[in-house]
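The next block holds one structure in the form of structure tokens; read it before the comments.
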Amino acid sequence: MNETTSNNISVDFIRNMIIEDNASDRFGGDVHTRFPPEPNGYLHIGHAKSICLNFGIARDFNGACNLRMDDTNPVKEEVEYIESIVADVKWLGFDWQDRFYFASDYFQKLYESAVTLIKKGKAFVCDLSADEMRAHRGSLTEPGKESPFRGRSVEENLALFEKMKNGEFKEGERTLRAKIDMASANIHMRDPVIYRIMHTEHHRTGKTWCIYPMYDFAHCISDSIEKITHSICTLEFEIHRPLYDWILDELELYHPQQIEFARLNLNYTVMSKRRLLELVRGGHVSGWDDPRMPTIAGLRRRGYTPEAIRNFCSVIGVTKFNSFTDIALLEHCLRDDLNKRSMRAMGVLNPLKVVIENYPDDQVEELDAINNPEDPAMGSRKVPFSKELYIDKEDFREVPPPKYFRLAPGKEVRLRYGYFVTCKDVIKNAEGEVVELRCTYDPHTKGGSSPDGRTVKGTIHWVSAKYAIDAEIRLYDRLFTCEDPSCDESREYTEFLNKDSLSIIGNAKLEPSLASAIPGVPYQLERVGYFCVDLKDSKKDNLVLNRTISLKDSWAKIQKAGK
RNA sequence: UACCCCGUGGUGUAAUGGUAGCACAAGAGGUUUUGGUCCUCUUUGUCUAGGUUCGAGUCCUGGCGGGGUAGCCA
């Protein structure tokens, strides 16, 4: 395959539109995007798609991408959210340099634009109440009726709008509306409200304003002010585009192109800010950063890497049709990245004591273990081996099923990086539970291979009982038991919460090197999964690990198929 | 039953009038000191009916199906 054919990787429809715009010199070759979240909640994986799209396009076309807080509704917005958004976008690996903006930065210009519209006879102050306005709006199938205040003179409108601004009216008493067409088939063009009265303090502008612009009015003008070329948003705003265009055309302002794409849906979770907020407020999760949450903060605490998320966003593509992406694809991207970068270690989740009968009582050997078979540069470490060990309960069966390669009475297995051991005896307690295994080891198999060429089918992980460190391990499963918890309108999505989405293991035993496990760094417990130090709850004397994701488990499949 | 958008394997996507490809998932096999990774192979697809064309997933028309829209939310 030559250079040209190998380069013909496909691009999404938005990038294609930009390529066409550049070809026709529509924006003089500029590409300027923006990511415009409303600071009323935490960012989630769906936002990551938009972030990767907007910042990714800027990168691909040598353009720029702004970060803009869409803060036009002070009753919903909080500083905590702004801070989390900034941290999350940064963590994802994107840089807006000095282009950090707020729609509220433009309140004065927005106000002046509204005045311009009034002067052009394209906006009027309306005294209709919210209910009356709804009644005048018509329906999806019937045209609306014009407001009785639609014919006010420019002077009167100007005076009234001034009074609105000066706080002379109560909330809801009056609005400023664009004068467009009450008979339009597009309800958003039926004289939409562009300013409303809110006697609410704004987190940035304080008490300066008591009128606030609506999204449709603020967004297009903000884009215009920032000289955005391509204003990318989700599908539900498609029907708003005629209004976006109308406002900019009437104001004769620089005019970006709005482009809509389908938002991300992931199965076995919910993605709306409203529902995520409810999960937090309802105590169904421990917070916005609960490792089960699809929020960026949750994924980060869970142990996801920015690279995995970015790669996922690239792999899912961008289209205009609504779809549901399989969480398995996200998990694949996660494992793919973690496999390459994770330091390996051994840890036992459900300890079963093993005594190596023929191993000297007080002997300790420091065995060599490879840190990452995928990356020799990560080197090796020493793991202590001694007479008493722990292995995982799952790795022993008194009566092994077919194809079971692990330890069983009379069977020989390899202890990873250790020795071949053979199970000689099984010790049970009064309840008949296996509590200890007596094994022998073959001193000639140090490191895990036998000089006589003998091989074993199974390799299991272990830790030295004497040198192991204790840890709490938190295992996570999907938050919901059904693929689309919000699909059934007659049932609350919370009914589908997975009761077993979190299980805590209090007595895990880890190899001593993990005592210095670094927060924010992924580890693989060999044969078990990927883990990370919990950012919040882990303490020096109380190690807490989150299981980011299990390893793929083909033995589980075999067992399942056998049933 | 208004207007707008959208229909490609199980899922997510590519093919810009010229061989329907990729990834995930699923399944089979191989390698392996992680039942991981890696490698090979297999199954499954253009919503439908017409039309244009030498040739249609692609263009046109109708139907069917899905989504969006009636906040002084974004």
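Each chain of the structure tokens is named A, B, ... in the order shown, its residues numbered from 1; ligands are numbered from 1 in display order.
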For this session: List the neighbours of Tyr467 (chain A) out to 10 Å using only C-alpha atoms (C1' of nucleotides); skip same-chain residues closer than 3 positions along the sequence, and give me the result as number ranges by chain.
Result: A: 364, 383-386, 388-389, 463-464, 470, 509-513
Writing out the chosen residues with N, CA, C and O atoms as a JSON list (two decimals), in the first residue's frame:
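Written output follows (again.json):
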[["chain", "number", "residue", "atom", "x", "y", "z"],
["A", 364, "VAL", "N", 13.42, -16.54, 52.68],
["A", 364, "VAL", "CA", 12.73, -15.57, 51.82],
["A", 364, "VAL", "C", 13.57, -15.39, 50.57],
["A", 364, "VAL", "O", 14.78, -15.23, 50.65],
["A", 383, "VAL", "N", 9.93, -9.64, 43.96],
["A", 383, "VAL", "CA", 8.75, -10.02, 44.72],
["A", 383, "VAL", "C", 9.17, -11.09, 45.74],
["A", 383, "VAL", "O", 9.79, -12.09, 45.37],
["A", 384, "PRO", "N", 8.86, -10.87, 47.02],
["A", 384, "PRO", "CA", 9.29, -11.84, 48.03],
["A", 384, "PRO", "C", 8.46, -13.12, 48.01],
["A", 384, "PRO", "O", 7.24, -13.07, 47.88],
["A", 385, "PHE", "N", 9.21, -14.26, 48.13],
["A", 385, "PHE", "CA", 8.55, -15.57, 48.15],
["A", 385, "PHE", "C", 8.90, -16.22, 49.49],
["A", 385, "PHE", "O", 10.04, -16.14, 49.94],
["A", 386, "SER", "N", 7.92, -16.84, 50.11],
["A", 386, "SER", "CA", 8.18, -17.47, 51.41],
["A", 386, "SER", "C", 7.30, -18.70, 51.56],
["A", 386, "SER", "O", 6.50, -19.03, 50.68],
["A", 388, "GLU", "N", 4.75, -19.43, 53.47],
["A", 388, "GLU", "CA", 3.30, -19.27, 53.51],
["A", 388, "GLU", "C", 2.86, -18.20, 52.52],
["A", 388, "GLU", "O", 3.38, -17.08, 52.51],
["A", 389, "LEU", "N", 1.90, -18.58, 51.70],
["A", 389, "LEU", "CA", 1.44, -17.70, 50.65],
["A", 389, "LEU", "C", -0.07, -17.57, 50.71],
["A", 389, "LEU", "O", -0.76, -18.30, 51.42],
["A", 463, "VAL", "N", 0.72, -14.10, 46.68],
["A", 463, "VAL", "CA", 1.52, -13.14, 47.44],
["A", 463, "VAL", "C", 2.08, -13.86, 48.66],
["A", 463, "VAL", "O", 1.50, -14.84, 49.13],
["A", 464, "SER", "N", 3.20, -13.38, 49.15],
["A", 464, "SER", "CA", 3.77, -13.94, 50.37],
["A", 464, "SER", "C", 2.92, -13.48, 51.55],
["A", 464, "SER", "O", 2.66, -12.29, 51.71],
["A", 470, "ASP", "N", -2.18, -5.19, 53.21],
["A", 470, "ASP", "CA", -3.64, -5.26, 53.16],
["A", 470, "ASP", "C", -4.19, -4.09, 52.36],
["A", 470, "ASP", "O", -3.61, -3.02, 52.32],
["A", 509, "LYS", "N", -5.04, -8.96, 49.66],
["A", 509, "LYS", "CA", -3.62, -9.04, 50.00],
["A", 509, "LYS", "C", -2.81, -8.72, 48.74],
["A", 509, "LYS", "O", -3.00, -9.35, 47.70],
["A", 510, "LEU", "N", -1.93, -7.73, 48.88],
["A", 510, "LEU", "CA", -1.19, -7.28, 47.71],
["A", 510, "LEU", "C", 0.31, -7.45, 47.91],
["A", 510, "LEU", "O", 0.80, -7.42, 49.04],
["A", 511, "GLU", "N", 1.03, -7.60, 46.81],
["A", 511, "GLU", "CA", 2.48, -7.68, 46.93],
["A", 511, "GLU", "C", 3.01, -6.34, 47.47],
["A", 511, "GLU", "O", 2.42, -5.28, 47.23],
["A", 512, "PRO", "N", 4.09, -6.36, 48.24],
["A", 512, "PRO", "CA", 4.55, -5.17, 48.98],
["A", 512, "PRO", "C", 4.88, -3.97, 48.09],
["A", 512, "PRO", "O", 4.77, -2.84, 48.55],
["A", 513, "SER", "N", 5.25, -4.19, 46.84],
["A", 513, "SER", "CA", 5.60, -3.04, 45.99],
["A", 513, "SER", "C", 4.43, -2.06, 45.86],
["A", 513, "SER", "O", 4.63, -0.87, 45.63]]
Each chain B residue no farther than 10 Å from chain A, nearest pair in Å, only C-alpha atoms (C1' of nucleotides), as a tab-separated table:
residue	atom	partner	partner_atom	distance
B:U1	C1'	A:Thr141	CA	8.7
B:A2	C1'	A:Thr141	CA	4.1
B:C3	C1'	A:Ala185	CA	5.3
B:C4	C1'	A:Ile239	CA	6.3
B:C5	C1'	A:Glu238	CA	7.7
B:C6	C1'	A:Phe321	CA	5.2
B:G7	C1'	A:Phe321	CA	8.2
B:U11	C1'	A:Asp326	CA	6.0
B:G12	C1'	A:Ile316	CA	5.6
B:U13	C1'	A:Gly317	CA	6.4
B:A14	C1'	A:Ser10	CA	6.7
B:A15	C1'	A:Ser10	CA	9.1
B:U16	C1'	A:Asn16	CA	9.9
B:A23	C1'	A:Val315	CA	7.5
B:C24	C1'	A:Leu329	CA	5.4
B:A25	C1'	A:Ala328	CA	7.6
B:U33	C1'	A:Gly448	CA	5.9
B:U34	C1'	A:Arg527	CA	4.8
B:G35	C1'	A:Trp555	CA	5.2
B:G36	C1'	A:Leu551	CA	6.3
B:U37	C1'	A:Asn339	CA	7.5
B:G66	C1'	A:Asn322	CA	8.4
B:G67	C1'	A:Asn322	CA	6.7
B:G68	C1'	A:Glu236	CA	5.7
B:U69	C1'	A:Ile239	CA	6.7
B:A70	C1'	A:Ser139	CA	5.2
B:G71	C1'	A:Ala130	CA	9.1
B:C72	C1'	A:Arg196	CA	5.3
B:C73	C1'	A:Asn73	CA	7.9
B:A74	C1'	A:Tyr215	CA	6.4
With C-alpha atoms (C1' of nucleotides) kept, could you save the residues just selected as a PDB file, in the first residue's frame?
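Just written: selection05.pdb:
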ATOM      1  C1'   U B   1     -50.989  13.082  12.400  1.00  0.00           C
ATOM      2  C1'   A B   2     -47.421  20.117  11.040  1.00  0.00           C
ATOM      3  C1'   C B   3     -42.389  20.960  10.051  1.00  0.00           C
ATOM      4  C1'   C B   4     -37.221  19.416  10.258  1.00  0.00           C
ATOM      5  C1'   C B   5     -33.499  15.528  10.453  1.00  0.00           C
ATOM      6  C1'   C B   6     -32.070  10.430   9.848  1.00  0.00           C
ATOM      7  C1'   G B   7     -32.328   4.911   8.005  1.00  0.00           C
ATOM      8  C1'   U B  11     -23.422  -2.561  17.784  1.00  0.00           C
ATOM      9  C1'   G B  12     -20.603   1.869  16.089  1.00  0.00           C
ATOM     10  C1'   U B  13     -19.105   3.474  11.396  1.00  0.00           C
ATOM     11  C1'   A B  14     -16.657   3.768   5.892  1.00  0.00           C
ATOM     12  C1'   A B  15     -17.560   3.673   0.712  1.00  0.00           C
ATOM     13  C1'   U B  16     -18.758  11.438  -2.316  1.00  0.00           C
ATOM     14  C1'   A B  23     -13.671  -1.623  14.533  1.00  0.00           C
ATOM     15  C1'   C B  24     -16.320  -3.731  18.621  1.00  0.00           C
ATOM     16  C1'   A B  25     -19.211  -7.921  19.858  1.00  0.00           C
ATOM     17  C1'   U B  33       5.361 -18.105  32.500  1.00  0.00           C
ATOM     18  C1'   U B  34      -1.290 -13.475  32.912  1.00  0.00           C
ATOM     19  C1'   G B  35      -7.387 -18.467  30.578  1.00  0.00           C
ATOM     20  C1'   G B  36      -4.345 -11.212  29.520  1.00  0.00           C
ATOM     21  C1'   U B  37      -1.794  -9.449  25.100  1.00  0.00           C
ATOM     22  C1'   G B  66     -36.732   6.078  14.076  1.00  0.00           C
ATOM     23  C1'   G B  67     -35.549  10.842  16.277  1.00  0.00           C
ATOM     24  C1'   G B  68     -36.373  16.089  17.190  1.00  0.00           C
ATOM     25  C1'   U B  69     -39.568  20.499  17.954  1.00  0.00           C
ATOM     26  C1'   A B  70     -45.106  23.527  21.294  1.00  0.00           C
ATOM     27  C1'   G B  71     -39.486  26.688  28.521  1.00  0.00           C
ATOM     28  C1'   C B  72     -39.678  33.463  30.095  1.00  0.00           C
ATOM     29  C1'   C B  73     -33.998  25.946  30.107  1.00  0.00           C
ATOM     30  C1'   A B  74     -29.545  25.130  27.423  1.00  0.00           C
TER      31        A B  74
END
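The two atoms in question, CA of Phe124 (chain A) and CA of Glu252 (chain A), are spaced 18.7 Å apart.
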Can you list every residue in region 243-397 of chain A that DSSP puts in strand (DSSP E or B), as a tab-separated table (two decimals) with N, CA and C atoms, in the first residue's frame?
chain	number	residue	atom	x	y	z
A	257	GLN	N	-21.19	29.13	10.80
A	257	GLN	CA	-22.06	28.06	10.31
A	257	GLN	C	-22.37	27.10	11.46
A	258	GLN	N	-23.64	26.95	11.78
A	258	GLN	CA	-24.01	25.96	12.80
A	258	GLN	C	-24.11	24.58	12.15
A	259	ILE	N	-23.53	23.60	12.80
A	259	ILE	CA	-23.58	22.22	12.29
A	259	ILE	C	-24.00	21.31	13.44
A	260	GLU	N	-24.94	20.43	13.17
A	260	GLU	CA	-25.45	19.57	14.24
A	260	GLU	C	-25.01	18.12	14.06
A	261	PHE	N	-24.72	17.47	15.17
A	261	PHE	CA	-24.38	16.04	15.13
A	261	PHE	C	-25.13	15.31	16.24
A	266	LEU	N	-24.83	5.78	25.44
A	266	LEU	CA	-24.11	4.57	25.83
A	266	LEU	C	-25.10	3.66	26.55
A	295	THR	N	-19.57	10.43	34.28
A	295	THR	CA	-18.96	11.76	34.25
A	295	THR	C	-17.45	11.64	34.03
A	325	THR	N	-24.20	3.45	21.45
A	325	THR	CA	-22.90	2.81	21.39
A	325	THR	C	-22.78	1.80	22.52
A	343	MET	N	1.74	-0.90	34.90
A	343	MET	CA	2.70	-1.66	35.70
A	343	MET	C	1.97	-2.90	36.22
A	344	ARG	N	2.62	-4.08	36.07
A	344	ARG	CA	1.97	-5.31	36.56
A	344	ARG	C	2.34	-5.54	38.01
A	345	ALA	N	1.46	-6.16	38.73
A	345	ALA	CA	1.73	-6.53	40.12
A	345	ALA	C	0.84	-7.72	40.44
A	347	GLY	N	-1.82	-9.48	43.23
A	347	GLY	CA	-2.70	-9.20	44.36
A	347	GLY	C	-3.77	-10.27	44.42
A	348	VAL	N	-4.17	-10.57	45.63
A	348	VAL	CA	-5.15	-11.63	45.84
A	348	VAL	C	-6.41	-11.03	46.45
A	351	PRO	N	-8.30	-14.22	49.67
A	351	PRO	CA	-7.11	-15.00	50.02
A	351	PRO	C	-7.43	-16.42	50.52
A	352	LEU	N	-6.65	-17.35	50.02
A	352	LEU	CA	-6.68	-18.73	50.51
A	352	LEU	C	-5.23	-19.07	50.86
A	353	LYS	N	-5.03	-19.47	52.12
A	353	LYS	CA	-3.68	-19.71	52.59
A	353	LYS	C	-3.09	-20.97	51.96
A	354	VAL	N	-1.83	-20.87	51.57
A	354	VAL	CA	-1.11	-22.01	51.00
A	354	VAL	C	0.20	-22.16	51.77
A	355	VAL	N	0.48	-23.35	52.26
A	355	VAL	CA	1.75	-23.60	52.93
A	355	VAL	C	2.58	-24.54	52.06
A	356	ILE	N	3.80	-24.10	51.75
A	356	ILE	CA	4.69	-24.93	50.94
A	356	ILE	C	5.49	-25.79	51.91
A	365	GLU	N	12.94	-15.47	49.44
A	365	GLU	CA	13.67	-15.23	48.19
A	365	GLU	C	13.05	-14.03	47.49
A	366	GLU	N	13.91	-13.23	46.92
A	366	GLU	CA	13.42	-12.10	46.12
A	366	GLU	C	13.41	-12.53	44.66
A	367	LEU	N	12.22	-12.75	44.14
A	367	LEU	CA	12.11	-13.24	42.77
A	367	LEU	C	11.92	-12.10	41.77
A	368	ASP	N	12.46	-12.30	40.59
A	368	ASP	CA	12.33	-11.27	39.55
A	368	ASP	C	10.97	-11.35	38.87
A	369	ALA	N	10.33	-10.21	38.77
A	369	ALA	CA	9.05	-10.16	38.06
A	369	ALA	C	9.09	-9.01	37.06
A	370	ILE	N	8.58	-9.28	35.89
A	370	ILE	CA	8.60	-8.27	34.83
A	370	ILE	C	7.49	-7.25	35.07
A	380	SER	N	11.97	-4.45	35.69
A	380	SER	CA	11.46	-5.53	36.53
A	380	SER	C	11.55	-5.14	37.99
A	381	ARG	N	11.01	-5.96	38.83
A	381	ARG	CA	11.01	-5.69	40.28
A	381	ARG	C	11.22	-7.00	41.01
A	382	LYS	N	11.42	-6.91	42.30
A	382	LYS	CA	11.58	-8.10	43.13
A	382	LYS	C	10.29	-8.37	43.90
A	383	VAL	N	9.93	-9.64	43.96
A	383	VAL	CA	8.75	-10.02	44.72
A	383	VAL	C	9.17	-11.09	45.74
A	384	PRO	N	8.86	-10.87	47.02
A	384	PRO	CA	9.29	-11.84	48.03
A	384	PRO	C	8.46	-13.12	48.01
A	385	PHE	N	9.21	-14.26	48.13
A	385	PHE	CA	8.55	-15.57	48.15
A	385	PHE	C	8.90	-16.22	49.49
A	388	GLU	N	4.75	-19.43	53.47
A	388	GLU	CA	3.30	-19.27	53.51
A	388	GLU	C	2.86	-18.20	52.52
A	389	LEU	N	1.90	-18.58	51.70
A	389	LEU	CA	1.44	-17.70	50.65
A	389	LEU	C	-0.07	-17.57	50.71
A	390	TYR	N	-0.57	-16.60	49.91
A	390	TYR	CA	-2.00	-16.56	49.64
A	390	TYR	C	-2.19	-16.69	48.14
A	391	ILE	N	-3.20	-17.47	47.78
A	391	ILE	CA	-3.63	-17.48	46.38
A	391	ILE	C	-5.12	-17.12	46.39
A	392	ASP	N	-5.68	-16.88	45.23
A	392	ASP	CA	-7.09	-16.56	45.17
A	392	ASP	C	-7.93	-17.81	45.29
A	396	PHE	N	-8.50	-22.37	43.12
A	396	PHE	CA	-8.47	-23.74	43.64
A	396	PHE	C	-9.86	-24.35	43.57
Name the residues in contact with U61 (chain B) at a cut-off of 12 Å, using only C-alpha atoms (C1' of nucleotides), excluding same-chain residues fewer than 3 positions from it; report them as an mmCIF file with all heavy atoms, in the first residue's frame.
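Final output, saved to result_29.cif:
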data_model
loop_
_atom_site.group_PDB
_atom_site.id
_atom_site.type_symbol
_atom_site.label_atom_id
_atom_site.label_comp_id
_atom_site.auth_asym_id
_atom_site.auth_seq_id
_atom_site.Cartn_x
_atom_site.Cartn_y
_atom_site.Cartn_z
ATOM 1 P P A B 49 -38.486 -4.259 -2.083
ATOM 2 O OP1 A B 49 -38.843 -5.656 -2.399
ATOM 3 O OP2 A B 49 -37.097 -3.785 -2.269
ATOM 4 O "O5'" A B 49 -39.454 -3.289 -2.875
ATOM 5 C "C5'" A B 49 -40.861 -3.490 -2.834
ATOM 6 C "C4'" A B 49 -41.545 -2.416 -3.631
ATOM 7 O "O4'" A B 49 -41.490 -1.151 -2.919
ATOM 8 C "C3'" A B 49 -40.906 -2.098 -4.970
ATOM 9 O "O3'" A B 49 -41.269 -3.038 -5.965
ATOM 10 C "C2'" A B 49 -41.460 -0.703 -5.250
ATOM 11 O "O2'" A B 49 -42.788 -0.754 -5.712
ATOM 12 C "C1'" A B 49 -41.426 -0.092 -3.853
ATOM 13 N N9 A B 49 -40.187 0.668 -3.620
ATOM 14 C C8 A B 49 -38.999 0.219 -3.107
ATOM 15 N N7 A B 49 -38.067 1.156 -3.028
ATOM 16 C C5 A B 49 -38.693 2.277 -3.532
ATOM 17 C C6 A B 49 -38.255 3.609 -3.710
ATOM 18 N N6 A B 49 -37.035 4.025 -3.402
ATOM 19 N N1 A B 49 -39.139 4.498 -4.234
ATOM 20 C C2 A B 49 -40.371 4.081 -4.549
ATOM 21 N N3 A B 49 -40.896 2.855 -4.425
ATOM 22 C C4 A B 49 -40.002 1.997 -3.899
ATOM 23 P P G B 50 -40.456 -3.079 -7.316
ATOM 24 O OP1 G B 50 -40.771 -4.352 -7.986
ATOM 25 O OP2 G B 50 -39.032 -2.711 -7.044
ATOM 26 O "O5'" G B 50 -41.129 -1.895 -8.138
ATOM 27 C "C5'" G B 50 -40.386 -1.191 -9.077
ATOM 28 C "C4'" G B 50 -40.994 0.169 -9.284
ATOM 29 O "O4'" G B 50 -41.031 0.883 -8.018
ATOM 30 C "C3'" G B 50 -40.172 1.054 -10.190
ATOM 31 O "O3'" G B 50 -40.453 0.792 -11.548
ATOM 32 C "C2'" G B 50 -40.544 2.450 -9.730
ATOM 33 O "O2'" G B 50 -41.802 2.838 -10.231
ATOM 34 C "C1'" G B 50 -40.630 2.234 -8.208
ATOM 35 N N9 G B 50 -39.319 2.407 -7.587
ATOM 36 C C8 G B 50 -38.539 1.433 -6.990
ATOM 37 N N7 G B 50 -37.402 1.890 -6.536
ATOM 38 C C5 G B 50 -37.436 3.242 -6.847
ATOM 39 C C6 G B 50 -36.475 4.259 -6.601
ATOM 40 O O6 G B 50 -35.367 4.161 -6.043
ATOM 41 N N1 G B 50 -36.906 5.491 -7.097
ATOM 42 C C2 G B 50 -38.105 5.724 -7.728
ATOM 43 N N2 G B 50 -38.336 6.967 -8.116
ATOM 44 N N3 G B 50 -39.003 4.779 -7.958
ATOM 45 C C4 G B 50 -38.607 3.577 -7.488
ATOM 46 P P G B 51 -39.254 0.586 -12.563
ATOM 47 O OP1 G B 51 -39.785 0.114 -13.852
ATOM 48 O OP2 G B 51 -38.221 -0.215 -11.841
ATOM 49 O "O5'" G B 51 -38.709 2.070 -12.728
ATOM 50 C "C5'" G B 51 -39.606 3.088 -13.156
ATOM 51 C "C4'" G B 51 -38.993 4.442 -12.950
ATOM 52 O "O4'" G B 51 -38.714 4.651 -11.549
ATOM 53 C "C3'" G B 51 -37.642 4.670 -13.612
ATOM 54 O "O3'" G B 51 -37.771 4.927 -15.000
ATOM 55 C "C2'" G B 51 -37.124 5.865 -12.833
ATOM 56 O "O2'" G B 51 -37.740 7.073 -13.263
ATOM 57 C "C1'" G B 51 -37.609 5.541 -11.414
ATOM 58 N N9 G B 51 -36.560 4.890 -10.628
ATOM 59 C C8 G B 51 -36.494 3.581 -10.204
ATOM 60 N N7 G B 51 -35.413 3.318 -9.512
ATOM 61 C C5 G B 51 -34.724 4.526 -9.475
ATOM 62 C C6 G B 51 -33.489 4.864 -8.884
ATOM 63 O O6 G B 51 -32.712 4.148 -8.236
ATOM 64 N N1 G B 51 -33.154 6.209 -9.099
ATOM 65 C C2 G B 51 -33.926 7.097 -9.809
ATOM 66 N N2 G B 51 -33.452 8.334 -9.923
ATOM 67 N N3 G B 51 -35.081 6.799 -10.364
ATOM 68 C C4 G B 51 -35.416 5.505 -10.157
ATOM 69 P P U B 52 -36.606 4.505 -16.001
ATOM 70 O OP1 U B 52 -37.079 4.747 -17.391
ATOM 71 O OP2 U B 52 -36.131 3.160 -15.593
ATOM 72 O "O5'" U B 52 -35.474 5.564 -15.675
ATOM 73 C "C5'" U B 52 -35.684 6.949 -15.916
ATOM 74 C "C4'" U B 52 -34.460 7.738 -15.514
ATOM 75 O "O4'" U B 52 -34.292 7.667 -14.071
ATOM 76 C "C3'" U B 52 -33.137 7.213 -16.060
ATOM 77 O "O3'" U B 52 -32.908 7.649 -17.399
ATOM 78 C "C2'" U B 52 -32.136 7.794 -15.073
ATOM 79 O "O2'" U B 52 -31.887 9.158 -15.352
ATOM 80 C "C1'" U B 52 -32.902 7.684 -13.754
ATOM 81 N N1 U B 52 -32.576 6.434 -13.039
ATOM 82 C C2 U B 52 -31.404 6.422 -12.279
ATOM 83 O O2 U B 52 -30.671 7.388 -12.202
ATOM 84 N N3 U B 52 -31.144 5.239 -11.642
ATOM 85 C C4 U B 52 -31.909 4.097 -11.675
ATOM 86 O O4 U B 52 -31.545 3.098 -11.040
ATOM 87 C C5 U B 52 -33.088 4.184 -12.477
ATOM 88 C C6 U B 52 -33.380 5.325 -13.114
#
For this session: Tell me which protein, DNA and RNA residues are within 6 Å of Phe480 (chain A), counting only C-alpha atoms (C1' of nucleotides), leaving out same-chain ones fewer than 3 positions away, and put them as a PyMOL selection string.
Result: chain A and resi 268-269+496-498
For this session: Output as number ranges by chain all residues of region 65-261 of chain A that backbone DSSP marks as helix (DSSP H, G or I).
Result: A: 79-91, 103-119, 130-136, 154-165, 187-189, 215-225, 235-251
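Atom pair CA of Trp91 (chain A) / CA of Ile504 (chain A): separated by 27.7 Å.
Rounded to one decimal, CA of Arg302 (chain A) and CA of Ser486 (chain A) lie 23.8 Å from each other.
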Problem set entry | Surrounding residues of region 277-290 of chain A excluding itself and chain neighbours under 3 positions, 9 Å, only C-alpha atoms (C1' of nucleotides), as a list in words | Gly41, Tyr42, Ser272, Lys273, Arg274, Met293, Pro294, Thr295, Ile296, Ala297, Gly298, Leu299, Arg300, Arg301, Arg302, Thr494 and Leu497 of chain A
For this session: Might you pull out every residue within 9 Å of Pro256 (chain A), with only C-alpha atoms (C1' of nucleotides) counted and same-chain residues fewer than 5 positions away left off, and present them as number ranges by chain?
Result: A: 27, 220, 223-224, 227-231, 245, 248
Give me a file of those residues, with N, CA and C atoms, as a PDB file, in the first residue's frame.
ATOM      1  N   PHE A  27     -14.405  31.008   4.826  1.00  0.00           N
ATOM      2  CA  PHE A  27     -13.985  31.725   6.042  1.00  0.00           C
ATOM      3  C   PHE A  27     -12.520  32.145   5.950  1.00  0.00           C
ATOM      4  N   CYS A 220     -25.723  32.613  19.293  1.00  0.00           N
ATOM      5  CA  CYS A 220     -25.256  32.978  17.948  1.00  0.00           C
ATOM      6  C   CYS A 220     -24.390  34.233  17.998  1.00  0.00           C
ATOM      7  N   ASP A 223     -20.985  33.365  19.445  1.00  0.00           N
ATOM      8  CA  ASP A 223     -20.200  32.732  18.379  1.00  0.00           C
ATOM      9  C   ASP A 223     -19.648  33.795  17.433  1.00  0.00           C
ATOM     10  N   SER A 224     -20.509  34.739  17.101  1.00  0.00           N
ATOM     11  CA  SER A 224     -20.126  35.777  16.154  1.00  0.00           C
ATOM     12  C   SER A 224     -19.007  36.654  16.724  1.00  0.00           C
ATOM     13  N   LYS A 227     -15.749  35.106  16.573  1.00  0.00           N
ATOM     14  CA  LYS A 227     -15.339  34.774  15.204  1.00  0.00           C
ATOM     15  C   LYS A 227     -15.237  33.255  15.001  1.00  0.00           C
ATOM     16  N   ILE A 228     -16.211  32.577  15.593  1.00  0.00           N
ATOM     17  CA  ILE A 228     -16.285  31.133  15.391  1.00  0.00           C
ATOM     18  C   ILE A 228     -16.636  30.886  13.926  1.00  0.00           C
ATOM     19  N   THR A 229     -16.003  29.905  13.309  1.00  0.00           N
ATOM     20  CA  THR A 229     -16.366  29.605  11.919  1.00  0.00           C
ATOM     21  C   THR A 229     -17.410  28.500  11.876  1.00  0.00           C
ATOM     22  N   HIS A 230     -17.196  27.474  12.700  1.00  0.00           N
ATOM     23  CA  HIS A 230     -18.105  26.334  12.681  1.00  0.00           C
ATOM     24  C   HIS A 230     -18.617  26.092  14.092  1.00  0.00           C
ATOM     25  N   SER A 231     -19.899  26.346  14.255  1.00  0.00           N
ATOM     26  CA  SER A 231     -20.529  26.241  15.570  1.00  0.00           C
ATOM     27  C   SER A 231     -21.215  24.882  15.670  1.00  0.00           C
ATOM     28  N   ASP A 245     -29.620  31.833  12.356  1.00  0.00           N
ATOM     29  CA  ASP A 245     -29.296  32.562  11.131  1.00  0.00           C
ATOM     30  C   ASP A 245     -30.052  33.892  11.051  1.00  0.00           C
ATOM     31  N   LEU A 248     -28.506  36.712  13.358  1.00  0.00           N
ATOM     32  CA  LEU A 248     -27.245  37.236  12.831  1.00  0.00           C
ATOM     33  C   LEU A 248     -27.465  38.033  11.539  1.00  0.00           C
TER      34      LEU A 248
END
